[in-house]
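Student: Pasting work.cif here (mmCIF, C-alpha atoms):
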data_protein
loop_
_atom_site.label_atom_id
_atom_site.label_comp_id
_atom_site.auth_asym_id
_atom_site.auth_seq_id
_atom_site.Cartn_x
_atom_site.Cartn_y
_atom_site.Cartn_z
CA MET A 4 -34.21 1.55 -13.32
CA ALA A 5 -36.41 3.01 -10.58
CA LEU A 6 -34.94 5.05 -7.79
CA PRO A 7 -36.25 3.67 -4.47
CA ARG A 8 -39.51 5.09 -3.15
CA LEU A 9 -39.01 7.48 -0.25
CA VAL A 10 -41.38 6.40 2.52
CA GLY A 11 -42.56 8.64 5.37
CA ALA A 12 -45.60 10.00 7.10
CA GLN A 13 -44.89 13.54 5.87
CA PRO A 14 -44.45 14.56 2.20
CA ALA A 15 -40.91 13.69 1.17
CA SER A 16 -38.51 16.55 0.60
CA PRO A 17 -37.02 16.66 -2.92
CA ALA A 18 -33.75 14.94 -3.68
CA SER A 19 -30.64 16.98 -4.48
CA VAL A 20 -28.95 16.41 -7.85
CA TYR A 21 -25.22 16.86 -8.51
CA LEU A 22 -23.44 16.81 -11.87
CA ASP A 23 -19.74 15.91 -11.64
CA GLY A 24 -19.75 17.12 -8.03
CA SER A 25 -21.54 20.44 -8.62
CA PRO A 26 -25.18 20.96 -7.56
CA LEU A 27 -27.77 21.31 -10.32
CA SER A 28 -30.50 23.94 -9.98
CA PHE A 29 -33.93 23.49 -11.53
CA GLU A 30 -36.63 26.02 -12.31
CA HIS A 31 -39.06 23.60 -10.65
CA GLU A 32 -38.01 21.21 -7.89
CA VAL A 33 -37.31 17.51 -8.32
CA VAL A 34 -40.46 15.46 -7.75
CA GLU A 35 -40.91 11.83 -6.77
CA VAL A 36 -43.85 9.96 -8.30
CA ASN A 37 -44.49 6.26 -7.64
CA GLY A 38 -40.87 5.69 -6.68
CA TYR A 39 -39.35 7.57 -9.65
CA ASN A 40 -37.51 10.88 -9.48
CA TYR A 41 -38.46 13.37 -12.22
CA VAL A 42 -36.74 16.61 -13.25
CA PRO A 43 -37.63 19.39 -15.73
CA PHE A 44 -36.01 18.18 -18.93
CA ARG A 45 -34.88 21.60 -20.18
CA ASN A 46 -32.74 22.36 -17.10
CA LEU A 47 -31.18 18.89 -17.23
CA PHE A 48 -30.42 18.92 -20.97
CA GLU A 49 -28.97 22.45 -20.85
CA ALA A 50 -26.65 21.43 -17.99
CA LEU A 51 -25.44 18.50 -20.12
CA ASN A 52 -24.90 20.71 -23.20
CA VAL A 53 -27.52 18.66 -25.02
CA THR A 54 -29.23 20.24 -28.03
CA ILE A 55 -32.97 20.50 -27.36
CA ASP A 56 -35.87 20.21 -29.81
CA TRP A 57 -39.50 20.42 -28.66
CA ASN A 58 -42.46 19.53 -30.90
CA PRO A 59 -45.54 21.13 -29.28
CA SER A 60 -48.03 19.40 -31.57
CA THR A 61 -46.88 15.89 -30.62
CA LYS A 62 -45.49 16.94 -27.23
CA THR A 63 -42.21 15.25 -28.12
CA ILE A 64 -38.84 16.06 -26.50
CA ILE A 65 -35.65 15.40 -28.49
CA GLY A 66 -32.21 15.67 -26.93
CA GLN A 67 -29.04 15.37 -29.04
CA SER A 68 -25.56 15.05 -27.46
CA ASN A 69 -22.28 14.46 -29.27
CA SER A 70 -22.85 10.70 -29.20
CA ASP A 71 -26.47 9.97 -28.24
CA THR A 72 -30.00 10.91 -29.25
CA LEU A 73 -32.97 10.61 -26.90
CA GLU A 74 -36.62 11.07 -27.92
CA LEU A 75 -39.41 11.13 -25.33
CA GLN A 76 -43.13 11.85 -25.66
CA ILE A 77 -45.30 13.27 -22.88
CA GLY A 78 -47.58 10.53 -21.50
CA SER A 79 -45.93 7.76 -23.54
CA LEU A 80 -44.10 4.70 -22.13
CA THR A 81 -42.17 4.32 -25.39
CA ALA A 82 -38.94 6.22 -26.05
CA LEU A 83 -36.28 6.18 -28.76
CA VAL A 84 -32.62 5.90 -27.78
CA ASN A 85 -30.30 6.29 -30.77
CA GLY A 86 -33.21 5.28 -32.99
CA LYS A 87 -34.09 2.12 -31.05
CA SER A 88 -37.43 1.74 -29.27
CA VAL A 89 -37.27 1.36 -25.48
CA ILE A 90 -40.16 0.71 -23.08
CA LEU A 91 -40.20 2.99 -20.02
CA ASP A 92 -41.36 2.16 -16.52
CA ALA A 93 -42.53 5.74 -16.01
CA ALA A 94 -43.86 8.21 -18.58
CA PRO A 95 -42.92 11.91 -18.90
CA PHE A 96 -45.57 14.41 -17.83
CA ILE A 97 -46.30 18.15 -17.64
CA ARG A 98 -46.77 19.91 -14.29
CA ASN A 99 -47.03 23.65 -13.60
CA GLY A 100 -46.04 24.38 -17.19
CA ALA A 101 -42.81 22.31 -17.03
CA SER A 102 -42.17 19.04 -18.87
CA TYR A 103 -40.76 16.39 -16.53
CA VAL A 104 -38.70 13.34 -17.54
CA PRO A 105 -37.53 10.35 -15.42
CA LEU A 106 -34.07 11.39 -14.28
CA ARG A 107 -32.34 8.01 -14.23
CA PHE A 108 -33.56 6.92 -17.66
CA ALA A 109 -32.83 10.23 -19.36
CA SER A 110 -29.35 10.51 -17.81
CA GLN A 111 -28.31 6.93 -18.55
CA SER A 112 -29.60 7.18 -22.12
CA LEU A 113 -27.24 10.14 -22.63
CA GLY A 114 -24.26 8.18 -21.32
CA LEU A 115 -24.16 9.36 -17.70
CA LEU A 116 -23.54 7.30 -14.58
CA VAL A 117 -26.36 7.70 -12.03
CA GLN A 118 -25.72 6.98 -8.33
CA TRP A 119 -28.42 7.24 -5.66
CA TYR A 120 -27.52 7.83 -1.99
CA SER A 121 -30.74 7.16 -0.09
CA ALA A 122 -29.56 8.26 3.37
CA GLU A 123 -28.59 11.74 2.13
CA LYS A 124 -31.30 11.86 -0.59
CA VAL A 125 -28.64 12.77 -3.13
CA ILE A 126 -28.45 11.77 -6.81
CA ARG A 127 -24.99 12.08 -8.39
CA LEU A 128 -24.59 12.24 -12.16
CA SER A 129 -21.14 11.65 -13.67
CA THR A 130 -20.02 12.31 -17.23
CA ASN A 131 -16.35 11.23 -17.00
CA TYR A 132 -16.23 7.72 -15.56
CA VAL A 133 -15.28 4.14 -16.32
CA THR A 134 -16.69 0.89 -14.98
CA LEU A 135 -14.50 -2.09 -14.03
CA ASN A 136 -15.99 -5.56 -13.57
CA ILE A 137 -13.91 -8.10 -11.63
CA LYS A 138 -14.66 -11.74 -12.37
CA ASN A 139 -13.26 -15.18 -11.56
CA VAL A 140 -11.99 -17.67 -14.10
CA LEU A 141 -15.53 -18.95 -14.70
CA GLY A 142 -16.65 -15.48 -15.71
CA ASP A 143 -18.76 -14.93 -12.58
CA LYS A 144 -18.49 -11.65 -10.69
CA VAL A 145 -16.70 -11.99 -7.38
CA THR A 146 -18.53 -10.85 -4.26
CA ASN A 147 -18.11 -7.44 -2.65
CA GLU A 148 -16.26 -9.02 0.28
CA GLU A 149 -13.53 -10.54 -1.91
CA VAL A 150 -11.85 -7.49 -3.44
CA SER A 151 -10.86 -3.90 -2.73
CA VAL A 152 -10.04 -1.55 -5.62
CA ARG A 153 -7.82 1.55 -5.57
CA LEU A 154 -7.49 4.18 -8.31
CA LEU A 155 -4.53 6.57 -8.40
CA ALA A 156 -3.68 9.36 -10.85
CA LYS A 157 -0.18 8.96 -12.26
CA GLU A 158 0.91 12.57 -12.87
CA PRO A 159 3.05 13.70 -9.91
CA GLN A 160 2.64 17.39 -10.70
CA GLN A 161 -1.10 17.23 -10.07
CA GLU A 162 -3.03 16.36 -6.94
CA PRO A 163 -3.34 12.53 -6.85
CA TYR A 164 -6.83 11.15 -7.28
CA SER A 165 -7.36 8.09 -5.14
CA LEU A 166 -10.51 6.12 -4.47
CA ASP A 167 -11.08 2.88 -2.56
CA HIS A 168 -14.05 0.59 -3.15
CA ARG A 169 -14.91 -2.84 -1.85
CA GLN A 170 -17.14 -4.01 -4.64
CA ALA A 171 -16.76 -6.30 -7.61
CA THR A 172 -18.17 -3.69 -9.99
CA MET A 173 -16.47 -0.34 -9.54
CA GLU A 174 -17.53 2.95 -11.12
CA MET A 175 -14.56 5.36 -11.11
CA THR A 176 -15.78 8.93 -11.47
CA GLY A 177 -14.22 12.38 -11.88
CA LEU A 178 -11.62 11.25 -14.44
CA LEU A 179 -9.78 13.76 -16.62
CA PRO A 180 -9.32 13.12 -20.37
CA GLU A 181 -5.84 12.04 -21.46
CA ARG A 182 -4.70 11.44 -17.87
CA GLU A 183 -3.06 8.13 -16.99
CA TYR A 184 -4.50 6.20 -14.04
CA GLU A 185 -3.33 3.17 -12.13
CA VAL A 186 -5.75 0.56 -10.83
CA SER A 187 -4.73 -1.89 -8.13
CA VAL A 188 -6.93 -4.68 -6.77
CA GLN A 189 -6.45 -6.18 -3.33
CA VAL A 190 -7.78 -9.73 -3.13
CA LYS A 191 -9.19 -10.58 0.27
CA ASP A 192 -9.35 -14.33 -0.43
CA SER A 193 -5.61 -14.77 -1.06
CA LEU A 194 -5.94 -18.55 -0.74
CA ARG A 195 -8.40 -18.69 -3.60
CA PHE A 196 -7.07 -16.12 -6.09
CA ILE A 197 -3.67 -14.88 -7.25
CA GLN A 198 -3.11 -11.23 -6.39
CA PRO A 199 -3.32 -9.33 -9.72
CA LYS A 200 -0.62 -6.81 -10.57
CA PRO A 201 -1.59 -3.12 -10.90
CA PHE A 202 -2.41 -1.93 -14.42
CA THR A 203 -2.67 1.50 -16.02
CA PHE A 204 -4.99 3.09 -18.57
CA VAL A 205 -5.33 6.49 -20.21
CA TYR A 206 -8.82 7.89 -19.86
CA LYS A 207 -10.40 9.01 -23.15
CA ALA A 208 -13.53 11.16 -23.31
CA GLY A 209 -16.53 8.90 -23.78
CA MET A 210 -14.78 5.81 -22.41
CA GLN A 211 -17.24 4.02 -20.13
CA VAL A 212 -16.04 0.46 -19.57
CA LEU A 213 -12.62 -1.10 -18.97
CA PRO A 214 -11.91 -4.69 -20.02
CA ASP A 215 -13.05 -7.19 -17.40
CA LEU A 216 -10.38 -8.10 -14.86
CA MET A 217 -10.21 -11.88 -14.50
CA LEU A 218 -8.84 -13.26 -11.23
CA GLU A 219 -6.70 -16.39 -11.62
CA ASP A 220 -7.10 -19.35 -9.29
CA ALA A 221 -4.31 -19.75 -6.73
CA PRO A 222 -2.08 -22.85 -7.21
CA SER A 223 -2.64 -25.90 -5.01
CA ASP A 224 0.92 -25.67 -3.59
CA LEU A 225 0.43 -22.07 -2.42
CA LEU A 226 2.74 -20.95 0.40
CA ARG A 227 0.63 -20.33 3.51
CA GLY A 228 0.87 -18.98 7.03
CA THR A 229 -1.55 -18.72 9.95
CA VAL A 230 -2.87 -15.98 12.23
CA THR A 231 -4.46 -17.23 15.47
CA ASP A 232 -4.88 -16.29 19.10
CA GLU A 233 -2.92 -17.96 21.92
CA ASP A 234 -5.37 -20.89 21.93
CA GLY A 235 -4.97 -21.53 18.21
CA ASN A 236 -8.30 -19.99 17.22
CA PRO A 237 -8.65 -17.58 14.27
CA VAL A 238 -9.12 -13.90 15.17
CA PRO A 239 -12.09 -12.23 13.40
CA ASN A 240 -12.00 -8.85 11.60
CA LEU A 241 -8.24 -8.94 11.17
CA THR A 242 -6.21 -7.35 8.36
CA LEU A 243 -2.48 -7.72 7.70
CA MET A 244 -0.19 -5.23 5.96
CA VAL A 245 2.90 -6.47 4.12
CA LEU A 246 5.86 -4.19 3.37
CA ASP A 247 8.69 -5.09 1.00
CA GLU A 248 11.67 -3.51 2.79
CA ASN A 249 13.87 -3.82 -0.32
CA ALA A 250 11.63 -1.62 -2.46
CA GLY A 251 12.60 1.99 -3.00
CA GLU A 252 10.66 4.81 -1.43
CA GLU A 253 9.28 5.90 -4.80
CA THR A 254 7.46 2.56 -5.18
CA LEU A 255 6.23 2.32 -1.61
CA ASN A 256 2.58 2.60 -2.60
CA LYS A 257 2.95 -0.52 -4.74
CA VAL A 258 4.49 -2.78 -2.11
CA ASN A 259 2.23 -2.01 0.84
CA THR A 260 -0.18 -4.90 0.39
CA LEU A 261 -3.25 -5.63 2.49
CA VAL A 262 -3.90 -9.32 3.20
CA TYR A 263 -7.05 -10.79 4.71
CA PRO A 264 -6.79 -14.19 6.47
CA ASP A 265 -9.66 -16.61 5.80
CA GLU A 266 -12.15 -17.93 8.33
CA LYS A 267 -9.58 -20.51 9.52
CA GLY A 268 -6.87 -17.90 10.08
CA ARG A 269 -4.85 -18.90 7.01
CA TYR A 270 -3.20 -16.34 4.74
CA SER A 271 -0.90 -16.17 1.71
CA LEU A 272 1.34 -13.37 0.41
CA PRO A 273 1.33 -12.35 -3.26
CA ASN A 274 4.28 -11.82 -5.59
CA LEU A 275 7.13 -12.56 -3.17
CA ILE A 276 10.60 -11.85 -4.60
CA ALA A 277 13.56 -14.07 -3.72
CA GLY A 278 16.07 -12.31 -1.44
CA HIS A 279 13.66 -9.54 -0.41
CA ARG A 280 12.97 -8.87 3.25
CA TYR A 281 9.30 -8.56 4.24
CA ASN A 282 7.67 -7.01 7.25
CA ILE A 283 4.18 -8.16 8.28
CA SER A 284 2.10 -6.11 10.68
CA VAL A 285 -1.44 -6.44 11.93
CA GLN A 286 -3.16 -3.44 10.37
CA LYS A 287 -6.59 -3.84 11.90
CA LEU A 288 -7.98 -6.00 14.69
CA SER A 289 -11.51 -4.62 14.81
CA ASN A 290 -13.69 -1.76 13.64
CA TYR A 291 -13.39 0.10 16.96
CA ARG A 292 -15.56 3.18 17.46
CA ALA A 293 -15.77 5.49 20.45
CA GLY A 294 -18.09 4.13 23.12
CA GLU A 295 -17.78 0.50 21.99
CA PRO A 296 -16.02 -2.27 23.99
CA TYR A 297 -12.25 -2.31 23.57
CA PRO A 298 -10.68 -5.13 21.49
CA ASP A 299 -10.18 -8.51 23.13
CA HIS A 300 -6.68 -8.76 21.65
CA ALA A 301 -3.51 -6.67 21.41
CA TYR A 302 -1.46 -5.99 18.30
CA PRO A 303 1.48 -8.46 18.07
CA TRP A 304 4.97 -7.80 16.75
CA VAL A 305 5.92 -10.09 13.83
CA PRO A 306 9.65 -10.64 13.11
CA PRO A 307 10.57 -9.73 9.50
CA PHE A 308 11.59 -12.56 7.19
CA THR A 309 13.58 -12.92 3.96
CA TYR A 310 11.84 -14.90 1.24
CA LYS A 311 13.84 -17.81 -0.17
CA PRO A 312 12.62 -20.23 -2.86
CA GLY A 313 11.81 -23.55 -1.28
CA MET A 314 10.31 -22.07 1.88
CA LYS A 315 7.68 -24.43 3.26
CA SER A 316 5.49 -21.91 5.08
CA LEU A 317 5.01 -18.28 5.99
CA PRO A 318 5.26 -16.95 9.57
CA SER A 319 2.74 -18.21 12.12
CA ILE A 320 1.41 -15.09 13.82
CA VAL A 321 0.04 -15.29 17.35
CA VAL A 322 -2.25 -12.45 18.40
CA PRO A 323 -2.12 -12.12 22.22
CA LYS A 324 -5.26 -11.69 24.25
CA ALA A 325 -5.69 -8.37 26.02
CA GLN A 326 -4.22 -8.41 29.54
CA TRP A 327 -4.03 -4.72 30.34
CA VAL A 328 -6.44 -1.96 29.34
CA GLY A 329 -5.00 1.30 30.66
CA ASN A 330 -5.72 5.02 30.50
CA ILE A 331 -3.89 7.61 28.40
CA ALA A 332 -4.36 11.21 29.50
CA LEU A 333 -3.67 13.58 26.60
CA SER A 334 -3.20 17.31 27.13
CA ASP A 335 -1.22 20.38 25.98
CA GLY A 336 -1.99 19.87 22.30
CA ILE A 337 -1.20 16.12 22.27
CA ILE A 338 -3.79 14.46 20.05
CA SER A 339 -2.82 10.77 19.89
CA ALA A 340 -0.39 8.10 21.09
CA ILE A 341 1.13 4.72 20.21
CA VAL A 342 2.11 2.41 23.08
CA PHE A 343 4.75 -0.35 22.83
CA LEU A 344 5.48 -3.33 25.10
CA ASN A 345 9.01 -4.84 25.08
CA ASP A 346 10.55 -7.62 27.15
CA GLU A 347 13.77 -7.34 29.15
CA ASP A 348 15.90 -8.10 26.07
CA GLY A 349 14.25 -5.36 24.06
CA THR A 350 12.09 -7.63 21.87
CA GLN A 351 8.73 -6.09 21.11
CA ILE A 352 5.82 -8.18 22.41
CA SER A 353 2.77 -6.10 21.45
CA HIS A 354 1.68 -2.55 20.79
CA SER A 355 -1.50 -0.52 20.88
CA PRO A 356 -2.99 2.42 18.98
CA TYR A 357 -4.92 5.12 20.82
CA TYR A 358 -8.42 3.89 21.65
CA GLY A 359 -10.13 7.12 22.67
CA GLY A 360 -8.30 7.44 26.00
CA LYS A 361 -7.27 3.77 26.40
CA TYR A 362 -4.47 1.42 25.36
CA VAL A 363 -4.58 -2.40 25.12
CA LEU A 364 -1.53 -4.66 25.67
CA GLY A 365 -1.02 -8.42 25.92
CA GLY A 366 1.52 -11.24 25.64
CA MET A 367 3.01 -10.87 29.15
CA VAL A 368 4.10 -13.69 31.50
CA LYS A 369 3.76 -13.40 35.29
CA GLY A 370 7.01 -12.51 37.05
CA GLN A 371 8.87 -11.35 33.94
CA LYS A 372 10.19 -7.83 33.49
CA TYR A 373 8.85 -5.56 30.73
CA ARG A 374 9.05 -2.01 29.51
CA ILE A 375 6.21 0.19 28.31
CA SER A 376 7.20 3.00 25.98
CA TYR A 377 4.97 5.35 24.09
CA MET A 378 5.11 7.91 21.33
CA LEU A 379 2.90 10.98 21.67
CA ILE A 380 1.76 13.03 18.67
CA ARG A 381 1.47 16.75 19.29
CA LEU A 382 -0.58 19.38 17.47
CA SER A 383 1.63 22.47 17.16
CA SER A 384 1.06 26.03 15.96
CA ALA A 385 3.97 25.78 13.52
CA ALA A 386 2.42 22.93 11.52
CA PRO A 387 -0.93 21.15 11.50
CA LEU A 388 0.65 17.95 12.77
CA ASP A 389 4.04 17.74 14.42
CA GLN A 390 4.89 14.06 14.53
CA SER A 391 8.20 14.47 16.36
CA PRO A 392 8.04 11.56 18.81
CA LEU A 393 7.73 12.39 22.48
CA TRP A 394 9.16 9.21 24.03
CA SER A 395 8.85 7.99 27.57
CA ALA A 396 9.40 4.56 29.16
CA TYR A 397 8.26 2.64 32.23
CA TRP A 398 9.80 -0.60 33.59
CA PHE A 399 7.75 -3.11 35.61
CA THR A 400 7.42 -6.79 36.58
CA TYR A 401 4.14 -8.20 35.37
CA ASP A 402 1.61 -9.20 38.01
CA PRO A 403 -1.84 -10.20 36.66
CA ALA A 404 -3.44 -8.76 39.80
CA ALA A 405 -1.85 -5.33 39.32
CA PRO A 406 -3.81 -2.65 37.44
CA ALA A 407 -2.53 -1.24 34.17
CA PRO A 408 -0.53 1.99 34.71
CA ASP A 409 -1.96 5.29 33.56
CA LEU A 410 -0.05 7.07 30.77
CA PRO A 411 1.67 9.52 30.40
CA ILE A 412 3.71 8.61 33.45
CA THR A 413 7.04 9.73 34.88
CA PRO A 414 9.68 7.37 33.50
CA ASN A 415 11.48 5.05 35.92
CA LYS A 416 15.27 5.38 35.83
#
Represent the supplied structure as structure tokens.
Tutor:
Amino acid sequence: MALPRLVGAQPASPASVYLDGSPLSFEHEVVEVNGYNYVPFRNLFEALNVTIDWNPSTKTIIGQSNSDTLELQIGSLTALVNGKSVILDAAPFIRNGASYVPLRFASQSLGLLVQWYSAEKVIRLSTNYVTLNIKNVLGDKVTNEEVSVRLLAKEPQQEPYSLDHRQATMEMTGLLPEREYEVSVQVKDSLRFIQPKPFTFVYKAGMQVLPDLMLEDAPSDLLRGTVTDEDGNPVPNLTLMVLDENAGEETLNKVNTLVYPDEKGRYSLPNLIAGHRYNISVQKLSNYRAGEPYPDHAYPWVPPFTYKPGMKSLPSIVVPKAQWVGNIALSDGIISAIVFLNDEDGTQISHSPYYGGKYVLGGMVKGQKYRISYMLIRLSSAAPLDQSPLWSAYWFTYDPAAPAPDLPITPNK
């Protein structure tokens, strides 16, 4: 229950406290004592609309909310929460005429969610939230690396509320009473678990926990595919996106599914529908950041397929190694680019996002003819982002000894 001790040679600056996104002000600043953050109880209770009773003779603080009662005594490690005795790790105290209480204990006892962000030294308190625990069939929580959770408000007339978390226990904050929300869970280990279908719930004031979500084991005859490089080795840090091309535009957010191949490069696709056409694209090859080495591979093009019952396997995807790393010079309000590589017949071989002034292509064979085309994205004064494509193309015969061309370039006729 302790907030981590803040260590440093100089006296630590006080943490900032936010309630449902708004900063809380205190008559006396937040103090940290032996690893615990304390706040003046009166300011905290008044912000929470908690009825306050102070007994000066016994130095006892009583806070009464709509659903909870908290009783603390100055200097005592024993508290009462809804009439039940609880042992504290840190006792309330008086300093400079103000009575201080341990923030985490007091807030949680009154039904709040407490989140500590050590890097920013920020404590966030939330009144309207729910917690979702994701477990496997044995009742054990899955690991943070196995799932990604998304929350989306259902009402189209209001601004959608969306939140992504990669953790097996998810606290969803900022909810509005009587609003319907949709929760979708992306399973990273698609060979181990069946992808669960999205579910909805209506948030009620005071609701704190959703029923546990149990992941079902995948069947032994699961349809599989592979994602490897040209030597048959799995490619690390890779994410696939699957699009159901038969789904209507209004349900697009439900059919864009992220899939994460396992350490051997194997993957499976959830909830395939017979007769539907699916498009698989590599969504992420690496966590590239400016100044880091460029990826060792290029993004491949994967032919769409139509799912038919009785299929023996899913597409085998080959991720080509990087052969060309070229420059893209952006100017005149152009902010980004997407580069495509096609063969002589027009089949796409690979493509590349904008890597901070560079593009990465692969999959070429010496002596064969190819075309580079690219779409530029311009920032205009008429709209924040004008995505009208600015196309250009460049034909060439691949020579491994030749340098990658700089883009934009004057198209060859």
Student: Counting all atoms listed in the file, which residues sit no farther than 6 Å from the position (-9.2, -7.2, 10.2) in the file's frame? I'd like them as a PyMOL selection string.
Tutor: chain A and resi 240-242+287-289
Student: How would the residues just picked look written out with C-alpha atoms as a PDB file, in the coordinates of the input?
Tutor:
ATOM      1  CA  ASN A 240     -12.000  -8.850  11.600  1.00  0.00           C
ATOM      2  CA  LEU A 241      -8.240  -8.940  11.170  1.00  0.00           C
ATOM      3  CA  THR A 242      -6.210  -7.350   8.360  1.00  0.00           C
ATOM      4  CA  LYS A 287      -6.590  -3.840  11.900  1.00  0.00           C
ATOM      5  CA  LEU A 288      -7.980  -6.000  14.690  1.00  0.00           C
ATOM      6  CA  SER A 289     -11.510  -4.620  14.810  1.00  0.00           C
TER       7      SER A 289
END
Student: Report the residues retrieved by the PyMOL selection byres ((chain A and resi 337-347) around 8) from the displayed file, expressed as a ChimeraX atom specification.
Tutor: /A:333-336,348-357,362,364,371-382
Student: Provide the atom CA of A:Trp398 to atom CA of A:Pro298 distance in Å, to one decimal place.
Tutor: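 Result for atom CA of A:Trp398 versus atom CA of A:Pro298: 24.2 Å, one decimal.
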Student: Kindly give the distance, in Å, that separates atom CA of A:Gly359 and atom CA of A:Asp409, rounded to a single decimal.
Tutor: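 For atom CA of A:Gly359 relative to atom CA of A:Asp409, the distance reads 13.7 Å.
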Student: Would you list the contacts of stretch 322-331 of chain A as a PyMOL selection string, taking every protein, DNA or RNA residue within 8 Å and counting all atoms listed in the file, but skipping same-chain residues closer than 4 positions in sequence?
Tutor: chain A and resi 230-233+238+298-303+353+360-367+403+406-411
Student: Could you expand the PyMOL selection byres ((chain A and resi 29) around 12) into the explicit residues it covers here, written as a list in words?
Tutor: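 Expected selection for the PyMOL selection byres ((chain A and resi 29) around 12) here is Pro17, Ala18, Ser19, Val20, Tyr21, Pro26, Leu27, Ser28, Glu30, His31, Glu32, Val33, Val34, Tyr41, Val42, Pro43, Phe44, Arg45, Asn46, Leu47, Phe48, Glu49, Ala50, Ala101, Ser102 and Tyr103 of chain A.
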Student: Smallest atom-to-atom distance to A:Ile64: which of A:Tyr39, A:Phe202, A:Phe96, A:Tyr281, using only C-alpha atoms?
Tutor: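 Result for the nearest residue to A:Ile64: A:Phe96.
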Student: Please determine, counting all atoms listed in the file, which residue among A:Pro273, A:Gln118, A:Ser112, A:Ile77 has the shortest atom-to-atom distance to A:Arg98.
Tutor: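 Result for the nearest residue to A:Arg98: A:Ile77.
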Student: On this structure, the PyMOL selection byres ((chain A and resi 261-267) around 6) would catch which residues? List them as a ChimeraX atom specification, sorted by chain and number.
Tutor: /A:191,237,242-244,260,268-270
Student: For the selection you just gave me, I'd like the residues written to a file as a compact mmCIF listing (two decimals), in the frame of the given file, keeping C-alpha atoms.
Tutor:
# COMPACT_ATOMS: atom_id res chain seq x y z
CA LYS A 191 -9.19 -10.58 0.27
CA PRO A 237 -8.65 -17.58 14.27
CA THR A 242 -6.21 -7.35 8.36
CA LEU A 243 -2.48 -7.72 7.70
CA MET A 244 -0.19 -5.23 5.96
CA THR A 260 -0.18 -4.90 0.39
CA GLY A 268 -6.87 -17.90 10.08
CA ARG A 269 -4.85 -18.90 7.01
CA TYR A 270 -3.20 -16.34 4.74
Student: Between A:Pro201, A:Pro180, A:Gly209, A:Gly100, which residue has the minimum interatomic distance to A:Asp71, considering only C-alpha atoms?
Tutor: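 The shortest atom-to-atom distance to A:Asp71 comes from A:Gly209.
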Student: What does the distance between atom CA of A:Leu178 and atom CA of A:Asn85 come to in Å, to one decimal place?
Tutor: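 Answer for the atom CA of A:Leu178 to atom CA of A:Asn85 separation: 25.3 Å.
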